[in-house]
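Asks: First the structure, which I've put down as structure tokens, then a few questions once you've had a look.
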Amino acid sequence: MNTLTSMKYHKTMFPKLLLSLALTLPFGASAVDINWSGFGTAGYTISDQPYKYQRFIDDHGTFKRDSVLGAQVDFKFNQQWGAAVQAKLSPSDHSDTQWQGVLSWAFVSWRPTDDLLIRAGKLRVPLMLNTENQDVGATYDWARLPVEVYSIAPTTDFVGISISKSWYLQEMEWTLDAYTGQATNYTRYYGREMRDREPSPGSWFEKYDIKSSGLVLTARGLDNVFRAGIHEAVISQPDGTVGEIAYRPLAPGVGYYDVANGTRVEQVIVPYQSIGASVLIPGNIRLTSEYAHIKVTSASRGLTRWGAYLAVSRQFGAWNPYIYYAKTKSSEASLDLYRAINGNINPMFPPALNNYQKLGADIVSPYDQSTSAIGTSYRLTPSSLIKAEWSQTRTGIVSSFVDAPSGGDSADQRINVFSLSYNFTF
């Protein structure tokens, strides 16, 4: 499942905020240093299956899964005050057919001392090792970050404040980040037989308000990096969210699951944790591994899951071949609920009610899949590289990353994906 963030008002709010701060803060008579940069990925991906995987990938091929174009401007007003704005063009976070331009970053920073940094505005959650730079494909060697792990967080962006404190200990820089803020998030669902209670299959997007806070500890050395974090999100909708899925008995031993009219709650508290490391071992081999876990108590309880991966790579001049294995799985209780609803098909029911049971199972949004990948990057210049990858995803009981065809499901699938991309910064 993809969890993406969009703040509709940020296109005008944050540039005005930064401009007003630039005019009012005591920067003195010195000139403002302004630096421009940009990044992009042109990526083509194709699979050997006719149905969609990760929203866009099928046997027709697509540029939409990995392609992105962005630019950033950094302001340095003096030694203490600065600001940054980053914008990007990428597939929409609330439509499978549109592209959109958004502000990824828009913040003011204040560094009162060398070891303390305070930022306010739109920021990215310091979650996984590459969350903050996930749009900049030139900064990592994989064709794409493992979706089994990097899709787990309820939101990767927030509007609020972040405080970072650093220490230098034993050739490592230790940083403790504390953050809090809010965002408006769109969660994608896909119905095999019905779409959002409408009699046509397809995807739809639910809008949620998310308040997020967390504490993250990062240690960086010359060759190694470690990160661990604890986070909590409070998720709500104006009319409340579905907490429990109701079971409606019709006769002894016969009934149906009713998601739309289940128990509603004002908010859902979602704790999640993450830990990761990337280390260089003898033989110039790099090991990278990350783990994340989330717990959701709502109709979409299949989002309660863990995800992990292990990657091995080694650089040979401009080449950096790699392999990785990733897996994600919802809790057994979530998978049992999915099987109960998905299997609640009765020939006595009218077709619309049986389809409604399928919709209820899809809304649980469970995951049970693994991916093995082998690929390489080739660095053309210090600021550009080409990536190529073959991966194979295998599903178990179900995977909500798969848009299962009508009349079928996503169980026991094998999906081969081939990816080629050009990544650059300037």
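Letters A, B, ... mark the chains of the structure tokens in the order given; residue numbers begin at 1 per chain; ligand numbers begin at 1, in order shown.
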Do you know which residues are at most 8 Å from Thr371 (chain A) counting only C-alpha atoms, after dropping those on the same chain fewer than 3 positions away, and could you put them as a PyMOL selection string?
Replies: chain A and resi 325-327+391-394
Asks: Could you please take those selected residues and save all heavy atoms as a PDB file, in the first residue's frame?
Replies:
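Written file, result.pdb:
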ATOM      1  N   TYR A 325      17.101  -8.824  -0.432  1.00  0.00           N
ATOM      2  CA  TYR A 325      15.897  -9.602  -0.153  1.00  0.00           C
ATOM      3  C   TYR A 325      15.052  -8.802   0.831  1.00  0.00           C
ATOM      4  O   TYR A 325      15.561  -8.337   1.862  1.00  0.00           O
ATOM      5  CB  TYR A 325      16.237 -10.962   0.442  1.00  0.00           C
ATOM      6  CG  TYR A 325      15.010 -11.776   0.820  1.00  0.00           C
ATOM      7  CD1 TYR A 325      14.281 -12.459  -0.152  1.00  0.00           C
ATOM      8  CD2 TYR A 325      14.582 -11.837   2.145  1.00  0.00           C
ATOM      9  CE1 TYR A 325      13.154 -13.193   0.191  1.00  0.00           C
ATOM     10  CE2 TYR A 325      13.451 -12.582   2.494  1.00  0.00           C
ATOM     11  CZ  TYR A 325      12.746 -13.244   1.501  1.00  0.00           C
ATOM     12  OH  TYR A 325      11.622 -13.969   1.840  1.00  0.00           O
ATOM     13  N   ALA A 326      13.781  -8.614   0.517  1.00  0.00           N
ATOM     14  CA  ALA A 326      12.880  -7.833   1.363  1.00  0.00           C
ATOM     15  C   ALA A 326      11.602  -8.625   1.609  1.00  0.00           C
ATOM     16  O   ALA A 326      11.165  -9.406   0.752  1.00  0.00           O
ATOM     17  CB  ALA A 326      12.550  -6.494   0.710  1.00  0.00           C
ATOM     18  N   LYS A 327      11.003  -8.391   2.770  1.00  0.00           N
ATOM     19  CA  LYS A 327       9.758  -9.099   3.102  1.00  0.00           C
ATOM     20  C   LYS A 327       8.898  -8.203   3.973  1.00  0.00           C
ATOM     21  O   LYS A 327       9.407  -7.434   4.794  1.00  0.00           O
ATOM     22  CB  LYS A 327      10.044 -10.410   3.825  1.00  0.00           C
ATOM     23  CG  LYS A 327       8.778 -11.240   4.125  1.00  0.00           C
ATOM     24  CD  LYS A 327       9.121 -12.575   4.729  1.00  0.00           C
ATOM     25  CE  LYS A 327       7.864 -13.381   5.070  1.00  0.00           C
ATOM     26  NZ  LYS A 327       7.063 -13.700   3.869  1.00  0.00           N
ATOM     27  N   SER A 391      13.880  -7.863 -10.515  1.00  0.00           N
ATOM     28  CA  SER A 391      13.377  -8.301  -9.223  1.00  0.00           C
ATOM     29  C   SER A 391      12.227  -9.273  -9.422  1.00  0.00           C
ATOM     30  O   SER A 391      11.528  -9.227 -10.441  1.00  0.00           O
ATOM     31  CB  SER A 391      12.909  -7.113  -8.371  1.00  0.00           C
ATOM     32  OG  SER A 391      11.795  -6.476  -8.967  1.00  0.00           O
ATOM     33  N   GLN A 392      12.044 -10.126  -8.450  1.00  0.00           N
ATOM     34  CA  GLN A 392      10.920 -11.060  -8.459  1.00  0.00           C
ATOM     35  C   GLN A 392      10.197 -10.964  -7.126  1.00  0.00           C
ATOM     36  O   GLN A 392      10.789 -11.165  -6.063  1.00  0.00           O
ATOM     37  CB  GLN A 392      11.372 -12.494  -8.695  1.00  0.00           C
ATOM     38  CG  GLN A 392      10.206 -13.462  -8.813  1.00  0.00           C
ATOM     39  CD  GLN A 392      10.663 -14.883  -9.079  1.00  0.00           C
ATOM     40  OE1 GLN A 392      10.867 -15.653  -8.131  1.00  0.00           O
ATOM     41  NE2 GLN A 392      10.801 -15.251 -10.340  1.00  0.00           N
ATOM     42  N   THR A 393       8.912 -10.630  -7.209  1.00  0.00           N
ATOM     43  CA  THR A 393       8.068 -10.540  -6.024  1.00  0.00           C
ATOM     44  C   THR A 393       7.164 -11.759  -5.953  1.00  0.00           C
ATOM     45  O   THR A 393       6.542 -12.140  -6.949  1.00  0.00           O
ATOM     46  CB  THR A 393       7.222  -9.259  -6.058  1.00  0.00           C
ATOM     47  OG1 THR A 393       8.087  -8.121  -5.968  1.00  0.00           O
ATOM     48  CG2 THR A 393       6.231  -9.219  -4.908  1.00  0.00           C
ATOM     49  N   ARG A 394       7.085 -12.353  -4.780  1.00  0.00           N
ATOM     50  CA  ARG A 394       6.208 -13.490  -4.544  1.00  0.00           C
ATOM     51  C   ARG A 394       5.231 -13.125  -3.440  1.00  0.00           C
ATOM     52  O   ARG A 394       5.636 -12.648  -2.378  1.00  0.00           O
ATOM     53  CB  ARG A 394       7.006 -14.732  -4.151  1.00  0.00           C
ATOM     54  CG  ARG A 394       7.972 -15.201  -5.233  1.00  0.00           C
ATOM     55  CD  ARG A 394       8.584 -16.532  -4.876  1.00  0.00           C
ATOM     56  NE  ARG A 394       9.475 -17.030  -5.926  1.00  0.00           N
ATOM     57  CZ  ARG A 394       9.980 -18.250  -5.967  1.00  0.00           C
ATOM     58  NH1 ARG A 394       9.692 -19.115  -5.000  1.00  0.00           N
ATOM     59  NH2 ARG A 394      10.778 -18.625  -6.953  1.00  0.00           N
TER      60      ARG A 394
END
Asks: Which neighbours of Asn342 (chain A) fall inside 9 Å, counting only C-alpha atoms, when residues of the same chain fewer than 3 positions from it are skipped, and could you give them as a list in words?
Replies: Leu337, Tyr338, Arg339, Ile345, Gln357, Lys358, Leu359, Gly360, Ala361 and Asp362 of chain A
Asks: Pull N, CA and C atoms from the residues just selected and write them as a short mmCIF file (atom, residue, chain, number, x, y, z; two decimals), in the first residue's frame.
Replies:
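For reference, again-v1.cif as written:
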data_model
loop_
_atom_site.label_atom_id
_atom_site.label_comp_id
_atom_site.auth_asym_id
_atom_site.auth_seq_id
_atom_site.Cartn_x
_atom_site.Cartn_y
_atom_site.Cartn_z
N LEU A 337 -8.52 -12.12 9.55
CA LEU A 337 -9.71 -11.32 9.26
C LEU A 337 -9.93 -11.22 7.76
N TYR A 338 -8.85 -11.01 7.01
CA TYR A 338 -8.97 -10.95 5.56
C TYR A 338 -9.54 -12.25 5.00
N ARG A 339 -9.00 -13.38 5.46
CA ARG A 339 -9.48 -14.66 4.95
C ARG A 339 -10.94 -14.90 5.31
N ILE A 345 -18.34 -15.94 1.03
CA ILE A 345 -19.14 -15.91 -0.21
C ILE A 345 -20.21 -16.99 -0.10
N GLN A 357 -18.53 -8.23 0.03
CA GLN A 357 -17.60 -8.95 0.90
C GLN A 357 -16.17 -8.85 0.37
N LYS A 358 -16.02 -8.95 -0.94
CA LYS A 358 -14.69 -8.78 -1.53
C LYS A 358 -14.14 -7.38 -1.25
N LEU A 359 -15.02 -6.38 -1.34
CA LEU A 359 -14.60 -5.02 -1.05
C LEU A 359 -14.15 -4.88 0.39
N GLY A 360 -14.90 -5.49 1.31
CA GLY A 360 -14.51 -5.44 2.70
C GLY A 360 -13.15 -6.07 2.95
N ALA A 361 -12.88 -7.19 2.29
CA ALA A 361 -11.57 -7.83 2.42
C ALA A 361 -10.47 -6.93 1.88
N ASP A 362 -10.73 -6.24 0.76
CA ASP A 362 -9.73 -5.36 0.18
C ASP A 362 -9.45 -4.17 1.09
#
Asks: Could you give me the residues within region 94-202 of chain A that DSSP places in helix (DSSP H, G or I), as a list in words?
Replies: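 Selecting the helix (DSSP H, G or I) positions of region 94-202 of chain A gives Gly137, Ala138, Thr139, Val147, Glu148, Val149 and Tyr150 of chain A.
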Asks: Given the selection you just returned, output its residues as a file containing all heavy atoms, formatted as a PDB file, in the first residue's frame.
Replies:
ATOM      1  N   GLY A 137      17.221   9.936  -6.713  1.00  0.00           N
ATOM      2  CA  GLY A 137      17.720   8.598  -7.032  1.00  0.00           C
ATOM      3  C   GLY A 137      19.223   8.514  -7.189  1.00  0.00           C
ATOM      4  O   GLY A 137      19.802   7.435  -7.046  1.00  0.00           O
ATOM      5  N   ALA A 138      19.878   9.632  -7.463  1.00  0.00           N
ATOM      6  CA  ALA A 138      21.328   9.624  -7.629  1.00  0.00           C
ATOM      7  C   ALA A 138      22.068   9.427  -6.317  1.00  0.00           C
ATOM      8  O   ALA A 138      23.292   9.231  -6.321  1.00  0.00           O
ATOM      9  CB  ALA A 138      21.789  10.925  -8.289  1.00  0.00           C
ATOM     10  N   THR A 139      21.364   9.437  -5.175  1.00  0.00           N
ATOM     11  CA  THR A 139      22.022   9.310  -3.876  1.00  0.00           C
ATOM     12  C   THR A 139      22.050   7.878  -3.359  1.00  0.00           C
ATOM     13  O   THR A 139      22.605   7.623  -2.292  1.00  0.00           O
ATOM     14  CB  THR A 139      21.333  10.211  -2.837  1.00  0.00           C
ATOM     15  OG1 THR A 139      19.950   9.832  -2.719  1.00  0.00           O
ATOM     16  CG2 THR A 139      21.419  11.677  -3.245  1.00  0.00           C
ATOM     17  N   VAL A 147       9.974  -1.421  -1.325  1.00  0.00           N
ATOM     18  CA  VAL A 147       8.631  -0.959  -0.965  1.00  0.00           C
ATOM     19  C   VAL A 147       8.118  -1.676   0.270  1.00  0.00           C
ATOM     20  O   VAL A 147       7.267  -1.153   0.999  1.00  0.00           O
ATOM     21  CB  VAL A 147       7.676  -1.155  -2.159  1.00  0.00           C
ATOM     22  CG1 VAL A 147       7.402  -2.640  -2.400  1.00  0.00           C
ATOM     23  CG2 VAL A 147       6.382  -0.393  -1.959  1.00  0.00           C
ATOM     24  N   GLU A 148       8.621  -2.861   0.545  1.00  0.00           N
ATOM     25  CA  GLU A 148       8.183  -3.615   1.719  1.00  0.00           C
ATOM     26  C   GLU A 148       8.457  -2.858   3.013  1.00  0.00           C
ATOM     27  O   GLU A 148       7.767  -3.067   4.017  1.00  0.00           O
ATOM     28  CB  GLU A 148       8.880  -4.979   1.765  1.00  0.00           C
ATOM     29  CG  GLU A 148       8.380  -5.994   0.760  1.00  0.00           C
ATOM     30  CD  GLU A 148       8.998  -5.841  -0.620  1.00  0.00           C
ATOM     31  OE1 GLU A 148       9.794  -4.888  -0.831  1.00  0.00           O
ATOM     32  OE2 GLU A 148       8.702  -6.674  -1.490  1.00  0.00           O
ATOM     33  N   VAL A 149       9.464  -1.985   3.012  1.00  0.00           N
ATOM     34  CA  VAL A 149       9.834  -1.220   4.197  1.00  0.00           C
ATOM     35  C   VAL A 149       9.467   0.254   4.054  1.00  0.00           C
ATOM     36  O   VAL A 149       8.919   0.868   4.968  1.00  0.00           O
ATOM     37  CB  VAL A 149      11.343  -1.372   4.485  1.00  0.00           C
ATOM     38  CG1 VAL A 149      11.766  -0.492   5.656  1.00  0.00           C
ATOM     39  CG2 VAL A 149      11.686  -2.828   4.776  1.00  0.00           C
ATOM     40  N   TYR A 150       9.751   0.829   2.887  1.00  0.00           N
ATOM     41  CA  TYR A 150       9.615   2.279   2.731  1.00  0.00           C
ATOM     42  C   TYR A 150       8.176   2.738   2.545  1.00  0.00           C
ATOM     43  O   TYR A 150       7.924   3.935   2.441  1.00  0.00           O
ATOM     44  CB  TYR A 150      10.497   2.756   1.586  1.00  0.00           C
ATOM     45  CG  TYR A 150      11.930   2.985   2.040  1.00  0.00           C
ATOM     46  CD1 TYR A 150      12.801   1.916   2.213  1.00  0.00           C
ATOM     47  CD2 TYR A 150      12.391   4.255   2.332  1.00  0.00           C
ATOM     48  CE1 TYR A 150      14.086   2.106   2.665  1.00  0.00           C
ATOM     49  CE2 TYR A 150      13.681   4.465   2.778  1.00  0.00           C
ATOM     50  CZ  TYR A 150      14.535   3.391   2.941  1.00  0.00           C
ATOM     51  OH  TYR A 150      15.814   3.591   3.399  1.00  0.00           O
TER      52      TYR A 150
END
Asks: For a quick check of understanding, using only C-alpha atoms, which of A:Asp157, A:Asp239, A:Asp258, A:Glu193 has the smallest distance to Ser406 (chain A)?
Replies: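 Checking each candidate against Ser406 (chain A), we get A:Glu193 as the closest.
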Asks: Could you find all residues in region 281-372 of chain A that DSSP calls strand (DSSP E) from the backbone, and write them as a PyMOL selection string?
Replies: chain A and resi 281+285-294+305-314+319-330+367-372
Asks: As a list in words, please: the residues near Ala260 (chain A) (cut-off 9 Å, only C-alpha atoms, same-chain neighbours under 6 positions excluded).
Replies: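 Non-adjacent residues within range: Arg197, Val242, Ile245, Ala246 and Gly360 of chain A.
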Asks: Between A:Leu380, A:Ala411, A:Ala233, A:Leu116, which has the minimum distance to Thr395 (chain A) (counting only C-alpha atoms)?
Replies: A:Ala411
